[in-house]
Amino acid sequence: MNKEKLLKILAVSSLVLSVSVWVPNIVFQVASPFWLLTFIIAPVGIVSAALIRNYWLIGSNIFMLFSFFILMFTGNFVNYMIGGNH
């Protein structure tokens, strides 16, 4: 297996794994600390995608790296818009 294919598999795997660690929190509403793994897994995906210059994978892994902050902002914004209490 050549190096480029291996790096692409690593980048896609890190993206899928980063998405899957959010499943218990978002889908099942179970407080799981596994989402913290996105801070470890996503940078690996970013670096491996950057080495093969796949910009879609770079952007997706960057999105997953900042997913906690994006989801936190979105949740607070929706709560503010519907008039919920903090």
# chains A, B, ... in the order shown; residues from 1 in each chain; ligands from 1

call {"tool": "residues_around", "arguments": {"residues": "segment 10-27 of chain A", "least_positions_apart": "2", "cutoff": "7 Å", "atoms": "only C-alpha atoms", "output": "list in words"}}
result
Leu6, Leu7, Lys8, Gln29, Val30, Ala31, Ser32, Phe34, Trp35, Thr38, Ile41, Ala42, Gly45, Ile46, Ser48, Ala49, Leu57, Asn61 and Met64 of chain A

call {"tool": "select_by_dssp", "arguments": {"residues": "chain A", "states": "alpha helix (DSSP H)", "output": "PyMOL selection string"}}
result
chain A and resi 3-20+23-26+38-51+55-65+67-81

call {"tool": "closest_residue", "arguments": {"among": "A:Arg53, A:Asn76, A:Leu65, A:Ile58", "to": "Ile40 of chain A", "atoms": "only C-alpha atoms"}}
result
A:Leu65

call {"tool": "closest_residue", "arguments": {"among": "A:Phe66, A:Asn85, A:Tyr80, A:Leu71", "to": "Leu37 of chain A", "atoms": "only C-alpha atoms"}}
result
A:Phe66

call {"tool": "decode", "arguments": {"residues": "segment 10-65 of chain A", "atoms": "C-alpha atoms", "output": "compact mmCIF listing (two decimals), in the first residue's frame"}}
result
# COMPACT_ATOMS: atom_id res chain seq x y z
CA LEU A 10 -5.90 7.63 8.36
CA ALA A 11 -7.56 11.00 7.67
CA VAL A 12 -10.93 9.44 6.85
CA SER A 13 -10.71 7.13 9.86
CA SER A 14 -9.98 10.02 12.19
CA LEU A 15 -12.94 11.94 10.76
CA VAL A 16 -15.29 8.99 11.23
CA LEU A 17 -13.97 8.35 14.74
CA SER A 18 -14.33 12.03 15.65
CA VAL A 19 -17.94 12.01 14.52
CA SER A 20 -18.69 8.73 16.28
CA VAL A 21 -17.50 9.93 19.70
CA TRP A 22 -20.23 12.59 19.60
CA VAL A 23 -23.02 10.03 19.02
CA PRO A 24 -23.71 9.24 22.71
CA ASN A 25 -23.97 12.92 23.60
CA ILE A 26 -26.09 14.12 20.70
CA VAL A 27 -28.17 11.13 19.64
CA PHE A 28 -28.69 9.27 22.92
CA GLN A 29 -28.46 12.32 25.25
CA VAL A 30 -25.99 10.47 27.49
CA ALA A 31 -23.24 12.54 29.07
CA SER A 32 -20.16 10.80 27.74
CA PRO A 33 -16.64 12.23 28.09
CA PHE A 34 -15.50 10.52 24.87
CA TRP A 35 -16.03 13.76 22.92
CA LEU A 36 -12.74 14.92 24.43
CA LEU A 37 -11.00 12.50 22.09
CA THR A 38 -11.76 14.89 19.22
CA PHE A 39 -8.94 17.10 20.53
CA ILE A 40 -6.53 14.20 20.04
CA ILE A 41 -7.95 12.45 16.97
CA ALA A 42 -8.80 15.45 14.76
CA PRO A 43 -5.27 16.94 14.66
CA VAL A 44 -3.96 13.57 13.45
CA GLY A 45 -6.53 13.71 10.66
CA ILE A 46 -5.63 17.30 9.83
CA VAL A 47 -1.92 16.51 9.53
CA SER A 48 -2.45 13.37 7.48
CA ALA A 49 -4.92 15.14 5.16
CA ALA A 50 -2.53 18.08 4.78
CA LEU A 51 0.27 15.75 3.75
CA ILE A 52 -1.82 14.47 0.83
CA ARG A 53 -3.30 17.93 0.16
CA ASN A 54 -6.93 16.81 0.44
CA TYR A 55 -8.66 20.06 1.35
CA TRP A 56 -12.07 18.49 1.99
CA LEU A 57 -10.58 16.21 4.65
CA ILE A 58 -8.56 19.07 6.14
CA GLY A 59 -11.71 21.19 6.49
CA SER A 60 -13.78 18.35 7.89
CA ASN A 61 -11.19 17.47 10.50
CA ILE A 62 -10.79 21.15 11.44
CA PHE A 63 -14.56 21.32 11.86
CA MET A 64 -14.40 18.30 14.17
CA LEU A 65 -11.52 19.84 16.11
